[in-house]
>>> print(open('model_21.txt').read())   # compact mmCIF, C-alpha atoms and all ligand atoms
# COMPACT_ATOMS: atom_id res chain seq x y z
CA MET A 211 97.63 97.54 91.58
CA ALA A 212 96.59 100.77 90.80
CA PRO A 213 96.22 103.73 93.31
CA LEU A 214 93.57 107.23 92.29
CA VAL A 215 90.83 109.57 92.64
CA ALA A 216 87.25 109.80 93.60
CA PRO A 217 86.21 112.99 91.76
CA LEU A 218 86.24 111.01 88.52
CA ASP A 219 83.34 108.91 89.71
CA CYS A 220 80.86 109.23 86.87
CA MET A 221 77.91 108.27 88.97
CA GLY A 222 77.98 111.60 90.80
CA ALA A 223 77.22 112.21 94.46
CA ALA A 224 74.96 109.65 96.04
CA SER A 225 73.41 109.65 99.49
CA ALA A 226 74.53 107.02 101.98
CA GLU A 227 71.08 105.49 101.61
CA SER A 228 71.25 105.21 97.81
CA ARG A 229 74.74 103.71 98.05
CA ARG A 230 73.63 100.73 100.12
CA PRO A 231 74.01 97.49 98.25
CA THR A 232 71.12 95.47 97.01
CA VAL A 233 71.30 91.85 96.00
CA ALA A 234 69.43 92.87 92.86
CA VAL A 235 72.29 95.05 91.65
CA VAL A 236 74.84 92.30 91.17
CA SER A 237 72.33 89.98 89.52
CA GLN A 238 71.72 92.70 86.92
CA VAL A 239 75.39 93.08 86.12
CA ALA A 240 76.96 91.46 83.08
CA LEU A 241 80.66 91.16 82.36
CA ARG A 242 82.23 91.59 78.93
CA ARG A 243 85.61 92.27 77.34
CA ALA A 244 86.17 95.94 76.56
CA THR A 245 86.50 97.26 73.01
CA VAL A 246 88.38 100.31 71.77
CA ASP A 247 85.17 102.31 72.10
CA ASP A 248 85.39 101.76 75.87
CA ALA A 249 88.79 103.48 76.14
CA ARG A 250 87.46 106.48 78.09
CA ALA A 251 85.63 104.31 80.61
CA VAL A 252 88.77 102.17 80.94
CA ALA A 253 90.82 105.31 81.68
CA ARG A 254 88.28 106.62 84.22
CA LEU A 255 88.24 103.34 86.07
CA MET A 256 92.03 103.05 85.92
CA ALA A 257 92.19 106.51 87.50
CA ILE A 258 89.97 105.34 90.36
CA ALA A 259 91.85 102.09 90.85
CA GLY A 260 95.19 103.91 90.80
CA GLU A 261 94.25 106.28 93.64
CA GLY A 262 96.20 109.27 92.29
CA ILE A 263 99.09 107.76 90.36
CA PRO A 264 97.60 107.37 86.85
CA MET A 265 96.24 110.94 86.82
CA TRP A 266 99.63 112.21 87.97
CA LEU A 267 101.36 110.28 85.19
CA TRP A 268 98.90 111.44 82.56
CA SER A 269 99.12 115.06 83.70
CA ARG A 270 102.92 114.88 83.20
CA ALA A 271 102.33 113.79 79.60
CA ALA A 272 99.50 116.26 78.90
CA LYS A 273 100.36 119.11 76.54
CA ASN A 274 99.09 122.68 76.63
CA GLY A 275 96.31 122.33 79.16
CA GLN A 276 95.15 118.99 77.80
CA ASP A 277 92.86 117.05 80.14
CA PRO A 278 94.95 114.25 81.73
CA LEU A 279 91.99 111.94 81.23
CA PHE A 280 92.31 112.54 77.48
CA VAL A 281 95.90 111.28 77.68
CA GLY A 282 94.68 108.26 79.68
CA THR A 283 91.99 107.58 77.09
CA GLU A 284 94.50 107.71 74.23
CA ARG A 285 96.71 105.26 76.10
CA ALA A 286 93.81 102.93 76.89
CA ALA A 287 92.92 102.90 73.17
CA ARG A 288 96.30 101.41 72.20
CA SER A 289 96.18 97.72 71.44
CA GLU A 290 99.82 96.77 72.01
CA ALA A 291 100.42 98.03 75.58
CA ASN A 292 99.59 96.30 78.86
CA PHE A 293 97.39 99.26 79.76
CA SER A 294 95.02 98.64 76.89
CA TYR A 295 91.30 98.13 76.46
CA ARG A 296 92.25 94.65 75.23
CA ASN A 297 93.14 93.66 78.78
CA ALA A 298 90.02 95.05 80.41
CA VAL A 299 86.87 93.25 81.52
CA LEU A 300 83.96 95.60 82.14
CA ALA A 301 80.99 95.18 84.43
CA GLU A 302 77.83 96.68 82.95
CA ARG A 303 74.41 97.33 84.32
CA ALA A 304 71.55 98.50 82.10
CA GLY A 305 74.05 99.31 79.35
CA GLN A 306 76.20 101.46 81.64
CA THR A 307 79.74 100.63 82.67
CA VAL A 308 79.94 100.27 86.45
CA GLY A 309 83.30 98.57 87.04
CA MET A 310 86.47 97.12 85.54
CA MET A 311 89.23 94.60 86.04
CA LEU A 312 92.32 95.17 83.89
CA GLY A 313 94.90 92.42 83.96
CA TYR A 314 97.43 90.52 81.88
CA ARG A 315 100.21 87.95 82.04
CA LEU A 316 103.46 89.39 83.36
CA GLU A 317 106.51 88.52 81.30
CA ALA A 318 109.92 88.15 82.98
CA PRO A 319 111.68 91.53 83.04
CA THR A 320 114.33 92.06 80.41
CA PRO A 321 117.87 93.07 81.49
CA ARG A 322 117.11 96.47 80.00
CA GLU A 323 113.97 96.85 82.14
CA ILE A 324 115.90 95.85 85.26
CA ALA A 325 118.70 98.29 84.43
CA GLY A 326 116.06 100.98 83.81
CA LEU A 327 114.67 100.77 87.35
CA ASP A 328 116.94 103.56 88.53
CA ASP A 329 115.62 105.87 85.83
CA LEU A 330 112.00 105.50 86.92
CA PRO A 331 110.39 108.23 89.02
CA GLU A 332 110.86 107.32 92.70
CA LEU A 333 107.11 106.91 93.11
CA LEU A 334 106.95 104.13 90.52
CA ARG A 335 110.03 102.19 91.54
CA PRO A 336 108.47 100.05 94.31
CA PHE A 337 105.68 98.98 91.97
CA ALA A 338 108.12 97.99 89.25
CA GLU A 339 110.33 96.12 91.71
CA LEU A 340 107.39 94.16 93.07
CA GLU A 341 106.12 93.42 89.56
CA PHE A 342 109.50 91.88 88.72
CA GLU A 343 109.01 89.37 91.57
CA VAL A 344 106.07 87.56 89.97
CA PRO A 345 106.86 86.79 86.31
CA GLY A 346 104.41 84.40 84.71
CA SER A 347 101.58 85.53 86.98
CA PHE A 348 98.33 87.03 85.84
CA TYR A 349 98.65 90.57 87.16
CA VAL A 350 95.49 92.38 88.21
CA ASN A 351 96.72 95.87 87.44
CA ALA A 352 93.42 97.62 88.18
CA LEU A 353 90.17 96.85 89.94
CA ALA A 354 87.54 99.54 90.34
CA VAL A 355 83.81 99.94 90.72
CA PHE A 356 82.06 103.31 90.54
CA ASP A 357 81.15 104.51 93.99
CA SER A 358 77.37 104.13 93.69
CA TYR A 359 77.73 100.45 92.80
CA ARG A 360 80.15 99.32 95.49
CA ASP A 361 79.47 96.74 98.17
CA SER A 362 77.13 94.66 96.05
CA GLY A 363 79.54 91.97 94.90
CA ILE A 364 80.73 93.45 91.59
CA GLY A 365 84.36 93.67 92.70
CA THR A 366 84.21 90.03 93.75
CA ARG A 367 82.78 89.03 90.37
CA LEU A 368 85.53 90.95 88.60
CA LEU A 369 88.14 89.11 90.69
CA GLN A 370 86.52 85.84 89.61
CA ALA A 371 86.80 87.04 86.01
CA ALA A 372 90.52 87.66 86.65
CA ALA A 373 90.89 84.03 87.72
CA GLY A 374 89.12 82.98 84.53
CA ARG A 375 91.48 85.06 82.39
CA ALA A 376 94.48 83.66 84.31
CA SER A 377 93.30 80.15 83.60
CA ALA A 378 92.72 80.91 79.92
CA LEU A 379 96.24 82.32 79.63
CA GLY A 380 97.83 79.39 81.48
CA CYS A 381 99.00 81.46 84.46
CA PRO A 382 99.39 79.39 87.65
CA ARG A 383 99.15 82.41 89.94
CA LEU A 384 97.41 85.78 90.23
CA ALA A 385 99.08 88.83 91.71
CA LEU A 386 98.14 92.42 92.49
CA MET A 387 99.36 95.42 94.43
CA VAL A 388 97.52 97.45 97.00
CA PHE A 389 98.37 100.16 99.52
CA SER A 390 98.39 98.58 102.97
CA GLN A 391 96.25 101.48 104.21
CA ASN A 392 93.50 100.72 101.68
CA ILE A 393 92.11 98.34 104.25
CA GLY A 394 88.80 97.75 102.47
CA ALA A 395 90.58 96.54 99.34
CA VAL A 396 93.06 94.43 101.37
CA ARG A 397 90.11 92.79 103.13
CA LEU A 398 88.42 92.07 99.80
CA TYR A 399 91.59 90.48 98.41
CA GLU A 400 92.17 88.37 101.51
CA ARG A 401 88.59 87.15 101.35
CA ASN A 402 89.29 86.08 97.78
CA GLY A 403 92.35 84.06 98.72
CA TYR A 404 95.16 86.58 98.17
CA ARG A 405 98.01 86.76 100.68
CA THR A 406 100.83 89.29 101.04
CA ILE A 407 104.08 87.91 99.67
CA ALA A 408 106.22 91.08 99.58
CA ALA A 409 106.03 94.77 100.39
CA ARG A 410 107.86 98.05 99.84
CA PRO A 411 107.64 101.43 101.56
CA VAL A 412 105.44 103.88 99.68
CA PRO A 413 107.28 107.05 98.64
CA ALA A 414 105.32 110.04 99.95
CA HIS A 415 103.83 112.03 97.07
CA PRO A 416 101.15 114.71 96.75
CA CYS A 417 99.13 112.59 94.29
CA HIS A 418 98.17 110.00 96.91
CA PRO A 419 97.34 110.02 100.63
CA TYR A 420 99.40 107.02 101.76
CA ASP A 421 102.53 106.83 103.90
CA ASP A 422 102.98 103.16 104.76
CA ARG A 423 103.62 100.25 102.41
CA VAL A 424 102.52 98.88 99.07
CA LEU A 425 101.73 95.18 99.30
CA LEU A 426 102.27 92.53 96.64
CA MET A 427 99.48 90.01 97.16
CA ALA A 428 99.13 86.73 95.31
CA ARG A 429 97.07 83.56 95.15
CA THR A 430 97.46 80.35 93.26
CA LEU A 431 94.84 79.49 90.72
C1 LIG B 501 87.79 97.81 95.85
C2 LIG B 501 86.51 97.80 94.98
C3 LIG B 501 86.87 97.48 93.55
C4 LIG B 501 85.56 96.74 95.50
O1 LIG B 501 84.43 96.70 94.65
P1 LIG B 501 83.01 96.27 95.25
O2 LIG B 501 82.11 96.05 94.11
O3 LIG B 501 82.60 97.23 96.28
O4 LIG B 501 83.39 94.87 95.93
P2 LIG B 501 82.42 93.79 96.60
O5 LIG B 501 81.06 94.34 96.71
O6 LIG B 501 82.61 92.51 95.89
O7 LIG B 501 83.09 93.63 98.02
C5 LIG B 501 82.91 94.61 99.00
C6 LIG B 501 84.22 94.79 99.69
O8 LIG B 501 85.03 95.70 98.97
C7 LIG B 501 85.81 96.46 99.88
N1 LIG B 501 85.45 97.86 99.70
C8 LIG B 501 84.24 98.42 99.72
N2 LIG B 501 84.32 99.75 99.50
C9 LIG B 501 85.63 100.03 99.33
C10 LIG B 501 86.37 101.23 99.06
N3 LIG B 501 85.79 102.41 98.95
N4 LIG B 501 87.70 101.13 98.92
C11 LIG B 501 88.32 99.95 99.04
N5 LIG B 501 87.67 98.77 99.31
C12 LIG B 501 86.34 98.83 99.45
C13 LIG B 501 85.47 95.94 101.28
O9 LIG B 501 86.35 94.87 101.59
C14 LIG B 501 84.09 95.40 101.08
O10 LIG B 501 83.81 94.37 101.99
P3 LIG B 501 83.33 94.72 103.49
O11 LIG B 501 81.87 94.69 103.40
O12 LIG B 501 83.96 93.66 104.29
O13 LIG B 501 83.81 96.07 103.86
C15 LIG B 501 85.80 99.19 95.03
O14 LIG B 501 85.51 99.47 96.39
C16 LIG B 501 86.62 100.32 94.49
O15 LIG B 501 86.57 100.59 93.30
N6 LIG B 501 87.35 101.03 95.35
C17 LIG B 501 88.14 102.17 94.95
C18 LIG B 501 89.34 101.75 94.14
C19 LIG B 501 90.21 100.78 94.87
O16 LIG B 501 90.52 100.93 96.04
N7 LIG B 501 90.62 99.75 94.11
C20 LIG B 501 91.56 98.77 94.59
C21 LIG B 501 92.93 99.32 94.44
S1 LIG B 501 94.14 98.05 94.69
>>> encode(input="model_21.txt", output="structure tokens")
Amino acid sequence: MAPLVAPLDCMGAASAESRRPTVAVVSQVALRRATVDDARAVARLMAIAGEGIPMWLWSRAAKNGQDPLFVGTERAARSEANFSYRNAVLAERAGQTVGMMLGYRLEAPTPREIAGLDDLPELLRPFAELEFEVPGSFYVNALAVFDSYRDSGIGTRLLQAAAGRASALGCPRLALMVFSQNIGAVRLYERNGYRTIAARPVPAHPCHPYDDRVLLMARTL
């Protein structure tokens, strides 16, 4: 999954009226693989998808008043990591990025990774434990659409793109994580065939508003 933060929405404040979906919007949206030049957009959308956690992680790594988003952008620009522009599909409208799906094939955890669970910050542990349950799956790590473009089918198209990537990579299953209290996202995933297969309590933390469970949802291809 990824849990974070509305103030990063680049589209700015929009009235309820202007935020209503139009059929036209999704028909004007094109999907493409991200390039390294998209690293900042990838980081911004990861921050939204992560609902607090990515910005918290990046702020821990930021040095001397550095903008956490700068740290996120540097990380998104790497080519070898899972959190990389290479694993992102962007939705664009009129040349502007409006949404993203970032996903990749999950490898089986190494003994070292399993042993390292205890060293992870408490907040991250449930996510790592759940990730270890679905090796070989295509893992949708982040799904986000800028606020002004929501509810017009872009998220659904990005989930379809995830299925396409899973197929291309030979993954028989897709998996993702979502806070149980993010009911809009849970509804979207259920509508797209995902079902809850495991869950963990969410550790309370100031970077996110949730106090229930994180769900591991999956669907076969
Ligand atoms: C979840 C999200 C990617 C959906 O994108 P979208 O383009 O609006 O999706 P679609 O138009 O295809 O589908 C609309 C559905 O998305 C869900 N949704 C809409 N707004 C949402 C929001 N603010 N937060 C969570 N889910 C939302 C609802 O299920 C909605 O269907 P509904 O009409 O039954 O309520 C987008 O709302 C978003 O970026 N939310 C914030 C980040 C987030 O929660 N990401 C998922 C973390 S696991």
>>> residues_near_point(input="model_21.txt", point="(106.3, 91.1, 102.1)", cutoff="10 Å", atoms="all atoms listed in the file", output="list in words")
Leu340, Arg405, Thr406, Ile407, Ala408, Ala409, Arg410, Arg423, Val424, Leu425, Leu426 and Met427 of chain A
>>> residues_near_ligand(input="model_21.txt", ligand="ligand LIG 501 (chain B)", cutoff="6 Å", atoms="all atoms listed in the file", output="ChimeraX atom specification")
/A:211-213,258-259,353-356,360-366,387-388,392,394-395,397-398
>>> atom_distance(input="model_21.txt", atom1="atom CA of Glu317 of chain A", atom2="atom CA of Asn292 of chain A")
10.7 Å
>>> closest_residue(input="model_21.txt", among="A:Leu368, A:Met310, A:Ala287, A:Val350", to="Thr245 of chain A", atoms="all atoms listed in the file")
A:Ala287
>>> residues_around(input="model_21.txt", residues="Glu323 of chain A", least_positions_apart="3", cutoff="12 Å", atoms="all atoms listed in the file", output="list in words")
Glu317, Ala318, Pro319, Thr320, Gly326, Leu327, Asp328, Asp329, Leu330, Arg335, Ala338, Glu339, Glu341 and Phe342 of chain A
>>> closest_residue(input="model_21.txt", among="A:Leu300, A:Ile263, A:Leu333, A:Met311", to="Leu369 of chain A", atoms="all atoms listed in the file")
A:Met311
